[in-house]
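**Q** Mind looking over this structure? Questions follow.
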Amino acid sequence: MIDQLVKGIRAKENIVLATHVRPDGDALGSLLGLATILEGLGKRVVRYLEEPAPGLYDFLPHLDLVETDLGRVLRFAEDCVDDIICITLDCGDFSRLGRSGPELKRIHPFWVIDHHQGNTGCGDLNWIEPQRSSTGEMVYDLAVGLGGDISKEAADCLYTAIVTDTGSFCYDSTTEHTFAVAGNLVACGAKPAVISQGLHDCSTFGRLQLMQQVLGTLKSFCKNQIGVIRVTQEMLESTGTTLEDCEGLINLPRSVKKVRVAAFLKEISGDSPGVSVSLRAKGDCDVAKVAAKFNGGGHRNAAGFKMSGTSLNQVHDTLLPVLEQALSA
Ligand code: 5GP
Ligand code: MN
């Protein structure tokens, strides 16, 4: 597969890179890392995001080069005629590309590079390996195949991708190869301590106050094997925070020894109000299957879904029996 990708990339000069909405560290790190590597090979690259990257990742290099104007991307693609590829990274299904998906998919060839379980592949070419720790790890292997230089900037991006999607090398998906790739990225100049600081030592007092309120909602079920927390718009308002500040809070219930499944219910406002749910599992429990029942997706140990036009209590009541069932499956 990598040979096929390498051949395809060598044959083209222009590449549009895209990833999922509400991008996480793997999405952004893979996109920015691959962009830098491709530019090193003389390609013209568009780093497309539907919305500006979350502030949490502002330590990543080249965020200033991100393009958020879809119209400009499409005009660029049109000017390139056939000399172009569109590559989506870390995007578990087509809908995760957001509103831009249908427009981007008009660019041919359209490639998918991803590691989400259940990704059926909507591309002209699909490189999907669900057993991989992260898309960043796959991009590293592609970079080696391309034979290009991995600059310090690219190494920082790919290391960030891997370290975030493995929960700092803690999840089941972390393999010997993951460590080998991370080691090579450090050899290329990635700075684990600086990246860790960027990712973890970036709190605000508002976020701590939010954490206090969110923890106040903690409930346990099924002999403490299920831990549930929630956040309301009112909590965000009173602490001067946004949903971005909720990143990582799901790890609070997950950290309880007895907990096998953690759920975080987030009240969403705006155009399509409703509830967004983050799920985490430990051991053999599979939350990707739970999320799939609600038209969501993800990995065995980390998944999520969204429901519009509903309330936190309604989602809680429908979700709980499904979580209980997942424990005994
Ligand atoms: P998080 O809880 O960090 O937002 O998401 C964890 C994982 O669940 C993500 O990597 C993503 O794969 C998946 N996920 C989260 N929300 C959604 C969603 O609304 N739809 C789908 N298909 N997957 C989601
Ligand atoms: Mn990922």
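Chain lettering (A, B, ...) mirrors the order of the structure tokens, residue numbering begins at 1 for each chain separately, and ligand numbering begins at 1 in order of display.
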Check every protein, DNA and RNA residue against ligand 2, keep those with an atom at most 7 Å away (counting only C-alpha atoms and all ligand atoms), and present them as a tab-separated table (two decimals) with N, CA, C and O atoms, in the first residue's frame.

**A**
chain	number	residue	atom	x	y	z
A	26	ASP	N	-3.88	14.16	17.01
A	26	ASP	CA	-3.50	13.27	15.92
A	26	ASP	C	-3.88	13.88	14.57
A	26	ASP	O	-3.11	13.84	13.60
A	27	ALA	N	-5.07	14.45	14.53
A	27	ALA	CA	-5.55	15.06	13.28
A	27	ALA	C	-4.63	16.21	12.86
A	27	ALA	O	-4.14	16.25	11.72
A	90	ASP	N	-6.89	10.87	9.43
A	90	ASP	CA	-7.51	10.63	10.74
A	90	ASP	C	-9.02	10.82	10.74
A	90	ASP	O	-9.62	11.11	11.77
A	115	HIS	N	-6.90	5.34	10.87
A	115	HIS	CA	-6.73	4.18	11.75
A	115	HIS	C	-7.98	3.90	12.58
A	115	HIS	O	-7.88	3.29	13.65
A	134	SER	N	-2.12	5.51	15.84
A	134	SER	CA	-2.44	6.88	15.44
A	134	SER	C	-2.23	7.03	13.95
A	134	SER	O	-1.48	6.26	13.34
A	135	THR	N	-2.85	8.06	13.40
A	135	THR	CA	-2.58	8.38	12.00
A	135	THR	C	-1.14	8.89	11.87
A	135	THR	O	-0.47	8.64	10.87
A	165	ASP	N	-2.77	10.53	20.71
A	165	ASP	CA	-3.70	9.44	20.41
A	165	ASP	C	-3.40	8.16	21.18
A	165	ASP	O	-4.23	7.25	21.21

**Q** If the limit is 7 Å from any atom of ligand 1, counting only C-alpha atoms and all ligand atoms, which residues qualify? Return them as a ChimeraX atom specification.

**A** /A:92-93,96,116,276-279,295-299,302-306

**Q** May I have the residues within 12 Å of A:Pro321 as a list in words, using only C-alpha atoms and disregarding those fewer than 5 positions away in the same chain?

**A**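 Counting only C-alpha atoms, the residues come to Phe221, Cys222, Ile226, Val290, Val315, His316, Ala326, Leu327 and Ser328 of chain A.
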
**Q** Just checking: using only C-alpha atoms, which residue out of A:Thr164, A:Ser100, A:Gln225, A:Gln233 ends up closest to A:Ala262?

**A** A:Gln225

**Q** Run DSSP on the backbone of this structure and report the residues of stretch 38-275 of chain A it assigns to strand (DSSP E or B), as a PyMOL selection string.

**A** chain A and resi 44-48+66-67+84-89+110-114+125-128+219-221+226-231+261-268+274-275

**Q** Would you put the residues from that selection into a file with C-alpha atoms, as a compact mmCIF listing (two decimals), in the first residue's frame?

**A**
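As a result, out-v9.txt now contains:
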# COMPACT_ATOMS: atom_id res chain seq x y z
CA ARG A 44 2.64 22.68 -3.20
CA VAL A 45 0.51 21.82 -0.18
CA VAL A 46 -2.77 23.19 1.18
CA ARG A 47 -3.35 22.59 4.92
CA TYR A 48 -7.15 22.81 5.06
CA VAL A 66 -3.57 26.70 7.77
CA GLU A 67 -6.22 27.59 5.15
CA ILE A 84 -3.59 17.19 -7.62
CA ILE A 85 -4.45 14.75 -4.82
CA CYS A 86 -6.75 15.37 -1.86
CA ILE A 87 -5.74 13.39 1.23
CA THR A 88 -7.91 13.15 4.36
CA LEU A 89 -6.10 12.20 7.56
CA PHE A 110 -9.37 11.50 -3.09
CA TRP A 111 -7.36 9.46 -0.59
CA VAL A 112 -8.09 8.30 2.95
CA ILE A 113 -5.31 7.66 5.49
CA ASP A 114 -6.77 6.59 8.81
CA LEU A 125 -7.63 4.91 -2.43
CA ASN A 126 -7.99 3.92 1.23
CA TRP A 127 -5.07 3.19 3.56
CA ILE A 128 -6.85 2.19 6.75
CA LYS A 219 -22.19 9.62 39.19
CA SER A 220 -21.32 5.95 39.24
CA PHE A 221 -23.38 2.96 38.16
CA ILE A 226 -19.46 3.06 34.97
CA GLY A 227 -18.51 6.68 35.69
CA VAL A 228 -20.51 9.53 34.15
CA ILE A 229 -19.85 13.28 34.17
CA ARG A 230 -21.53 16.14 32.35
CA VAL A 231 -21.04 19.77 31.42
CA VAL A 261 -16.49 2.64 31.01
CA ALA A 262 -16.50 6.42 31.38
CA ALA A 263 -18.94 8.76 29.68
CA PHE A 264 -18.86 12.55 29.38
CA LEU A 265 -22.12 14.24 28.30
CA LYS A 266 -21.62 17.73 26.89
CA GLU A 267 -24.43 20.21 26.27
CA ILE A 268 -24.01 21.85 22.86
CA GLY A 274 -28.01 18.93 21.53
CA VAL A 275 -25.56 16.69 23.31

**Q** Have a look at A:Gly240, A:Gly101, A:Gly145, A:Gly25 and name the one nearest to A:Thr166; count only C-alpha atoms.

**A** A:Gly25

**Q** Compare A:Phe94, A:Phe76, A:Phe169, A:Tyr159 by their minimum atom-to-atom distance to A:Leu60, counting only C-alpha atoms, and give me the closest one.

**A**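 Of the candidates, the smallest distance to A:Leu60 is held by A:Tyr159.
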
**Q** As a list in words, please: every residue in stretch 279-312 of chain A that DSSP puts in alpha helix (DSSP H).

**A** Val287, Ala288, Lys289, Val290, Ala291, Ala292, Lys293 and Leu312 of chain A

**Q** Calculate how many Å separate atom CA of A:Leu146 from atom CA of A:Leu32, rounding to one decimal.

**A**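 Interatomic distance, atom CA of A:Leu146 to atom CA of A:Leu32: 16.4 Å.
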
**Q** Which residue, A:Leu5, A:Ala154, A:Val163, A:Leu236, has the smallest gap to A:Leu31 when you use only C-alpha atoms?

**A**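 Under the stated criterion, the closest residue is A:Ala154.
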
**Q** Which residue, A:Gly206, A:Pro192, A:Gly309, A:Gly270, has the smallest gap to A:Cys246 when you use only C-alpha atoms?

**A**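 Ranking A:Gly206, A:Pro192, A:Gly309, A:Gly270 by distance to A:Cys246, first place goes to A:Gly206.
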
**Q** Considering only C-alpha atoms, can you say which of A:Leu243, A:Ala161, A:Cys122, A:Leu319 comes closest to A:Gly136?

**A**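 Looking at the shortest contact to A:Gly136, the residue is A:Ala161.
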